[in-house]
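S.K.: Dropping in run_7.txt, with compact mmCIF, C-alpha atoms and all ligand atoms.
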# COMPACT_ATOMS: atom_id res chain seq x y z
CA MET A 1 15.72 -23.25 9.17
CA PHE A 2 12.22 -21.99 10.04
CA LEU A 3 12.95 -22.36 13.79
CA PHE A 4 16.41 -20.80 13.35
CA GLY A 5 14.72 -17.92 11.51
CA LEU A 6 12.31 -17.43 14.44
CA VAL A 7 15.26 -17.10 16.86
CA VAL A 8 17.15 -14.73 14.52
CA GLY A 9 13.95 -12.70 14.00
CA SER A 10 13.52 -12.38 17.76
CA PHE A 11 17.09 -11.02 18.06
CA LEU A 12 16.52 -8.62 15.13
CA ASN A 13 13.51 -7.19 16.98
CA VAL A 14 15.89 -6.30 19.84
CA VAL A 15 18.35 -4.76 17.34
CA GLY A 16 15.50 -2.84 15.68
CA TYR A 17 14.34 -1.36 18.97
CA ARG A 18 17.67 -0.68 20.74
CA VAL A 19 20.08 0.42 17.97
CA PRO A 20 18.21 3.67 17.04
CA ARG A 21 18.15 4.48 20.80
CA ARG A 22 21.92 3.84 21.02
CA GLU A 23 21.33 1.13 23.65
CA SER A 24 23.46 -2.02 23.97
CA ILE A 25 21.99 -5.04 22.23
CA LEU A 26 23.61 -7.41 24.79
CA SER A 27 22.64 -5.94 28.15
CA PRO A 28 20.36 -5.51 30.01
CA ARG A 29 18.40 -8.72 29.44
CA SER A 30 15.16 -8.53 27.45
CA HIS A 31 12.60 -6.55 29.40
CA CYS A 32 9.24 -4.83 29.03
CA THR A 33 9.91 -1.35 27.56
CA ALA A 34 7.09 0.10 29.71
CA CYS A 35 7.76 -1.31 33.21
CA SER A 36 11.28 -2.86 32.84
CA HIS A 37 9.97 -6.25 34.03
CA THR A 38 12.70 -8.77 33.00
CA LEU A 39 11.22 -11.38 30.68
CA GLN A 40 11.17 -15.01 31.83
CA TRP A 41 12.06 -17.85 29.45
CA TYR A 42 8.40 -18.50 28.59
CA GLU A 43 7.97 -14.82 27.65
CA LEU A 44 10.87 -15.05 25.17
CA ILE A 45 9.61 -17.78 22.82
CA PRO A 46 9.16 -16.24 19.36
CA ILE A 47 5.52 -15.76 18.27
CA PHE A 48 4.12 -18.20 20.88
CA SER A 49 4.84 -15.96 23.89
CA TRP A 50 3.09 -13.05 22.19
CA LEU A 51 0.05 -15.26 21.48
CA LEU A 52 0.15 -16.79 24.98
CA LEU A 53 0.28 -13.34 26.63
CA ARG A 54 -2.36 -12.08 24.14
CA GLY A 55 -0.01 -9.23 23.18
CA ARG A 56 0.27 -7.76 26.69
CA CYS A 57 3.07 -7.53 29.28
CA LYS A 58 2.44 -10.07 32.07
CA SER A 59 3.49 -7.54 34.71
CA CYS A 60 1.99 -4.16 33.68
CA HIS A 61 -0.44 -5.28 30.90
CA THR A 62 0.90 -2.67 28.47
CA SER A 63 0.22 -3.91 24.93
CA ILE A 64 3.20 -5.35 23.04
CA SER A 65 3.37 -4.33 19.38
CA VAL A 66 2.22 -6.91 16.83
CA ARG A 67 5.39 -5.92 14.97
CA TYR A 68 7.35 -8.42 17.13
CA PRO A 69 5.57 -11.67 16.14
CA ILE A 70 5.10 -10.47 12.54
CA LEU A 71 8.82 -9.77 12.00
CA GLU A 72 9.69 -13.12 13.64
CA LEU A 73 7.30 -14.91 11.29
CA VAL A 74 8.61 -13.02 8.23
CA THR A 75 12.26 -13.83 9.12
CA ALA A 76 11.43 -17.51 9.64
CA SER A 77 9.49 -17.67 6.37
CA LEU A 78 12.30 -16.00 4.44
CA PHE A 79 14.93 -18.38 5.86
CA PHE A 80 12.69 -21.35 5.05
CA ALA A 81 11.85 -20.14 1.54
CA THR A 82 15.56 -19.50 0.89
CA THR A 83 16.48 -23.11 1.72
CA LEU A 84 13.83 -24.31 -0.73
CA TYR A 85 14.53 -21.77 -3.45
CA VAL A 86 18.32 -21.35 -3.27
CA GLN A 87 19.87 -24.80 -3.76
CA ASP A 88 23.53 -23.84 -3.21
CA PHE A 89 24.31 -23.76 0.54
CA ALA A 90 26.84 -20.88 0.35
CA HIS A 91 24.40 -18.77 -1.69
CA ALA A 92 21.63 -19.52 0.84
CA VAL A 93 23.90 -18.26 3.66
CA ALA A 94 24.51 -15.03 1.74
CA TRP A 95 20.76 -14.55 1.24
CA CYS A 96 19.97 -15.21 4.90
CA VAL A 97 22.56 -12.59 5.96
CA PHE A 98 20.90 -10.15 3.55
CA TRP A 99 17.39 -10.95 4.86
CA ALA A 100 18.60 -10.44 8.45
CA LEU A 101 19.89 -6.97 7.49
CA MET A 102 16.58 -6.14 5.74
CA ILE A 103 14.51 -7.23 8.76
CA ALA A 104 16.73 -5.24 11.17
CA VAL A 105 16.34 -2.00 9.19
CA THR A 106 12.61 -2.64 8.68
CA ALA A 107 12.34 -2.79 12.47
CA THR A 108 14.38 0.43 13.01
CA ASP A 109 12.30 2.24 10.36
CA LEU A 110 9.05 1.08 12.01
CA THR A 111 10.16 2.01 15.55
CA SER A 112 12.01 5.27 14.82
CA MET A 113 11.59 6.17 11.09
CA ARG A 114 15.36 5.76 10.72
CA VAL A 115 17.84 3.47 8.99
CA PRO A 116 20.94 3.91 11.23
CA ASN A 117 24.30 4.21 9.45
CA VAL A 118 25.69 1.68 11.92
CA LEU A 119 23.46 -0.92 10.19
CA SER A 120 23.31 0.27 6.57
CA LEU A 121 27.03 0.94 5.96
CA PRO A 122 28.63 -2.15 7.59
CA GLY A 123 25.61 -4.05 6.16
CA ALA A 124 26.59 -2.97 2.66
CA LEU A 125 30.23 -4.07 3.15
CA VAL A 126 29.20 -7.43 4.64
CA THR A 127 26.63 -8.04 1.88
CA LEU A 128 29.11 -7.11 -0.86
CA GLY A 129 31.81 -9.31 0.70
CA ILE A 130 29.66 -12.39 1.27
CA VAL A 131 27.95 -12.11 -2.12
CA VAL A 132 31.30 -12.03 -3.95
CA LEU A 133 33.02 -14.66 -1.73
CA THR A 134 30.16 -17.16 -2.11
CA GLY A 135 29.79 -16.45 -5.84
CA THR A 136 26.13 -15.41 -5.43
CA GLN A 137 26.94 -12.58 -7.85
CA THR A 138 30.05 -11.83 -9.89
CA TRP A 139 32.06 -9.01 -8.32
CA SER A 140 31.36 -6.78 -11.32
CA ALA A 141 27.54 -7.27 -11.15
CA SER A 142 27.67 -6.77 -7.38
CA LEU A 143 29.72 -3.56 -7.52
CA PHE A 144 27.79 -2.18 -10.49
CA GLY A 145 24.51 -3.08 -8.75
CA ALA A 146 25.54 -1.34 -5.52
CA GLY A 147 26.54 1.78 -7.50
CA ALA A 148 23.39 1.77 -9.65
CA GLY A 149 21.11 1.25 -6.63
CA PHE A 150 22.83 4.01 -4.68
CA PHE A 151 22.83 6.64 -7.43
CA VAL A 152 19.24 6.03 -8.62
CA MET A 153 18.09 6.39 -5.00
CA LEU A 154 20.31 9.46 -4.49
CA PHE A 155 18.64 11.03 -7.53
CA LEU A 156 15.21 10.33 -5.95
CA ASN A 157 16.46 11.76 -2.65
CA LEU A 158 17.49 14.99 -4.43
CA ILE A 159 14.31 15.48 -6.51
CA SER A 160 12.09 14.63 -3.51
CA ARG A 161 14.09 17.15 -1.40
CA GLY A 162 14.91 14.50 1.18
CA LYS A 163 11.45 12.94 1.54
CA MET A 164 13.10 9.76 0.27
CA GLY A 165 15.56 9.56 3.17
CA MET A 166 19.33 9.02 2.92
CA GLY A 167 18.88 5.83 5.00
CA ASP A 168 16.85 4.33 2.14
CA VAL A 169 19.55 5.48 -0.32
CA LYS A 170 22.36 3.72 1.61
CA LEU A 171 20.25 0.57 2.00
CA PHE A 172 20.24 0.23 -1.79
CA LEU A 173 24.03 -0.37 -1.68
CA SER A 174 23.24 -3.80 -0.18
CA ILE A 175 20.23 -4.43 -2.39
CA GLY A 176 22.24 -3.62 -5.53
CA ALA A 177 25.14 -5.76 -4.28
CA ILE A 178 23.06 -8.93 -3.99
CA PHE A 179 20.57 -8.42 -6.85
CA GLY A 180 22.81 -6.65 -9.37
CA PRO A 181 21.61 -3.50 -11.19
CA TYR A 182 18.44 -4.92 -12.81
CA GLY A 183 17.19 -6.61 -9.65
CA ALA A 184 17.83 -3.42 -7.66
CA LEU A 185 15.70 -1.41 -10.10
CA GLU A 186 13.00 -4.11 -10.07
CA THR A 187 13.00 -3.93 -6.25
CA LEU A 188 12.53 -0.16 -6.43
CA VAL A 189 9.59 -0.53 -8.88
CA PHE A 190 7.84 -3.11 -6.66
CA ALA A 191 8.57 -1.11 -3.49
CA SER A 192 7.18 2.10 -5.04
CA ALA A 193 4.08 0.30 -6.32
CA ALA A 194 3.38 -1.31 -2.93
CA GLY A 195 4.13 1.92 -1.01
CA SER A 196 1.93 4.01 -3.33
CA LEU A 197 -1.01 1.60 -3.11
CA VAL A 198 -0.93 1.46 0.68
CA GLY A 199 -0.09 5.17 1.09
CA LEU A 200 -2.95 6.30 -1.21
CA ALA A 201 -5.40 3.91 0.45
CA MET A 202 -4.41 5.29 3.87
CA ARG A 203 -4.75 8.91 2.67
CA PHE A 204 -8.23 8.31 1.24
CA THR A 205 -9.44 6.52 4.34
CA GLY A 206 -8.00 9.23 6.60
CA LEU A 207 -5.58 6.87 8.35
CA LEU A 208 -2.66 8.99 7.13
CA PRO A 209 -3.04 12.72 7.86
CA PRO A 210 -1.70 15.25 5.31
CA ARG A 211 2.05 16.06 5.49
CA THR A 212 2.84 12.85 7.32
CA TYR A 213 4.86 10.09 5.74
CA ILE A 214 4.94 6.34 5.99
CA PRO A 215 8.21 4.49 6.63
CA PHE A 216 9.38 3.22 3.24
CA VAL A 217 11.72 0.38 4.30
CA PRO A 218 8.86 -2.13 4.89
CA TYR A 219 7.89 -1.60 1.23
CA ILE A 220 11.52 -1.97 0.16
CA LEU A 221 11.45 -5.30 2.03
CA VAL A 222 8.29 -6.27 0.09
CA GLY A 223 10.08 -5.22 -3.12
CA THR A 224 13.12 -7.41 -2.39
CA ILE A 225 10.89 -10.43 -1.55
CA LEU A 226 8.85 -10.02 -4.77
CA THR A 227 12.03 -9.59 -6.84
CA GLU A 228 13.80 -12.62 -5.34
CA PHE A 229 10.94 -15.13 -5.30
CA PHE A 230 8.55 -13.86 -8.00
CA GLY A 231 10.71 -11.53 -10.14
CA PRO A 232 10.95 -13.53 -13.40
CA ARG A 233 7.25 -14.53 -13.28
CA LEU A 234 6.09 -10.97 -12.53
CA ALA A 235 8.32 -9.58 -15.28
CA SER A 236 6.99 -12.03 -17.91
CA TRP A 237 3.40 -11.38 -16.78
CA TYR A 238 4.00 -7.62 -17.12
CA ILE A 239 5.53 -7.96 -20.59
CA SER A 240 2.72 -10.24 -21.85
CA ALA A 241 0.13 -7.84 -20.41
CA ILE A 242 1.71 -5.00 -22.40
CA LEU A 243 1.90 -7.14 -25.56
CA HIS A 244 -1.83 -7.89 -25.22
CA LEU A 245 -2.55 -4.17 -24.97
CA VAL A 246 -0.70 -3.19 -28.16
ZN ZN A 301 5.45 -4.25 31.49
Starting from the file, lay out its structure as structure tokens.

M.R.:
Amino acid sequence: MFLFGLVVGSFLNVVGYRVPRRESILSPRSHCTACSHTLQWYELIPIFSWLLLRGRCKSCHTSISVRYPILELVTASLFFATTLYVQDFAHAVAWCVFWALMIAVTATDLTSMRVPNVLSLPGALVTLGIVVLTGTQTWSASLFGAGAGFFVMLFLNLISRGKMGMGDVKLFLSIGAIFGPYGALETLVFASAAGSLVGLAMRFTGLLPPRTYIPFVPYILVGTILTEFFGPRLASWYISAILHLV
């Protein structure tokens, strides 16, 4: 599952780069985006090729973003963790489909600050369908979760006057569908906490100039990972911390 995740992650990198540019994800073959040099088989091995080439194109020596090996590693780790954590095979398939969607939109947000409708809307339908068909969630929790996620995010979109983008709002249809309403809200809390910490740190160190914004989807991804694998433990830690305070 780890190796399968590496291959899927490699494909999602292509999706993440080409879809916002309205390019085909099937042709042309994988090439350097700087010099169009077509990649040979040994330049297409997830993670290892990037390490082997020391992050540079073999032909023109333009640096290749570290985003590629990182997203491959994250996809592989998520697929592997899901097989350990989710015992039911059908549920694990549903989760892996959801992780693939999350990685794809993380990549589009990182490359173009966008979550394309062509990913978020069919993604929501596919997630809702597979979650209900595999019994990962009841259809009522899934539908209610999708609605709750969407409308809470829409509210944030309106009060932030669009700084929280509509792409993030539509992504919460899928997150609500698989987590249900409470998990969707937990994801939002974790994502906001992670985004605020990193955003403030970058502002104070001058890495993030005023009036510029960081893509939020990577933090939403962090939020979904924390909620799925550490949610109950983090929630009980939080409640006991509050009980100790009062
Ligand atoms: Zn090149």

S.K.: Would you list the residues that come within 7 Å of ligand ZN 301 (chain A)? Count all atoms listed in the file and give the answer as a list of chain:residue names.

M.R.: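 Using all atoms listed in the file, everything at most 7 Å from ligand ZN 301 (chain A) comes to A:Cys32, A:Thr33, A:Ala34, A:Cys35, A:Ser36, A:His37, A:Cys57, A:Lys58, A:Ser59, A:Cys60, A:His61, A:Thr62.
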
S.K.: So how many Å separate CA of Val152 in chain A and CA of Asn13 in chain A, to one decimal?

M.R.: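 Straight-line distance from CA of Val152 in chain A to CA of Asn13 in chain A works out to 29.4 Å.
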
S.K.: Write out as a tab-separated table a residue-level contact list of range 1-68 of chain A versus range 83-94 of chain A with cut-off 12 Å: for each qualifying residue the closest pair of atoms and the distance in Å to one decimal, counting all atoms listed in the file, rows sorted by chain and residue number upward.

M.R.:
residue	atom	partner	partner_atom	distance
A:Met1	CA	A:Thr83	CA	7.5
A:Phe2	CA	A:Thr83	CA	9.4
A:Phe4	CA	A:Thr83	CA	11.9
A:Gly5	CA	A:Thr83	CA	11.2

S.K.: Which residues come within 12 Å of range 123-128 of chain A, counting all atoms listed in the file, excluding same-chain residues fewer than 3 positions away, as a VMD selection string?

M.R.: chain A and resid 91 93 to 105 115 to 120 131 to 147 149 to 150 167 169 to 180

S.K.: Which one of A:Thr187, A:Thr75, A:Thr108, A:Ser65 sits closest to Ala235 in chain A if you count all atoms listed in the file?

M.R.: A:Thr187

S.K.: So, with only C-alpha atoms as the atoms that count, which of A:Leu6, A:Met113, A:Trp237, A:Val246 lies closest to Phe79 in chain A?

M.R.: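 Nearest candidate to Phe79 in chain A out of A:Leu6, A:Met113, A:Trp237, A:Val246: A:Leu6.
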
S.K.: Compare A:Ile130, A:Ile70, A:Leu188, A:Leu245 by their minimum atom-to-atom distance to Gly55 in chain A, counting all atoms listed in the file, and give me the closest one.

M.R.: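 Closest residue, counting all atoms listed in the file: A:Ile70.
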
S.K.: Nearest to Leu78 in chain A among A:Gly9, A:Pro28, A:Pro215, A:Gly183, with distances taken over only C-alpha atoms: which residue is it?

M.R.: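 Between A:Gly9, A:Pro28, A:Pro215, A:Gly183, the residue approaching Leu78 in chain A most closely is A:Gly9.
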
S.K.: Interatomic distance between CA of Ser160 in chain A and CA of Gly16 in chain A?

M.R.: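 Computing it gives 26.2 Å between the two atoms.
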
S.K.: Can you measure CA of Gly223 in chain A to CA of Val189 in chain A for me? One decimal in Å is fine.

M.R.: 7.4 Å

S.K.: Hey, which of A:Leu39, A:Leu110, A:Met164, A:Val8 ends up closest to Ser77 in chain A? Count only C-alpha atoms.

M.R.: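 Nearest to Ser77 in chain A: A:Val8.
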
S.K.: From the set A:Thr205, A:Glu186, A:Glu23, A:Leu51, which residue has the shortest atom-to-atom contact distance to Tyr238 in chain A, counting all atoms listed in the file?

M.R.: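 Nearest candidate to Tyr238 in chain A out of A:Thr205, A:Glu186, A:Glu23, A:Leu51: A:Glu186.
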
S.K.: Show which residues sit within 12 Å of Ser24 in chain A, as a ChimeraX atom specification. Count all atoms listed in the file, and ignore same-chain residues fewer than 6 positions away.

M.R.: /A:14-18,30
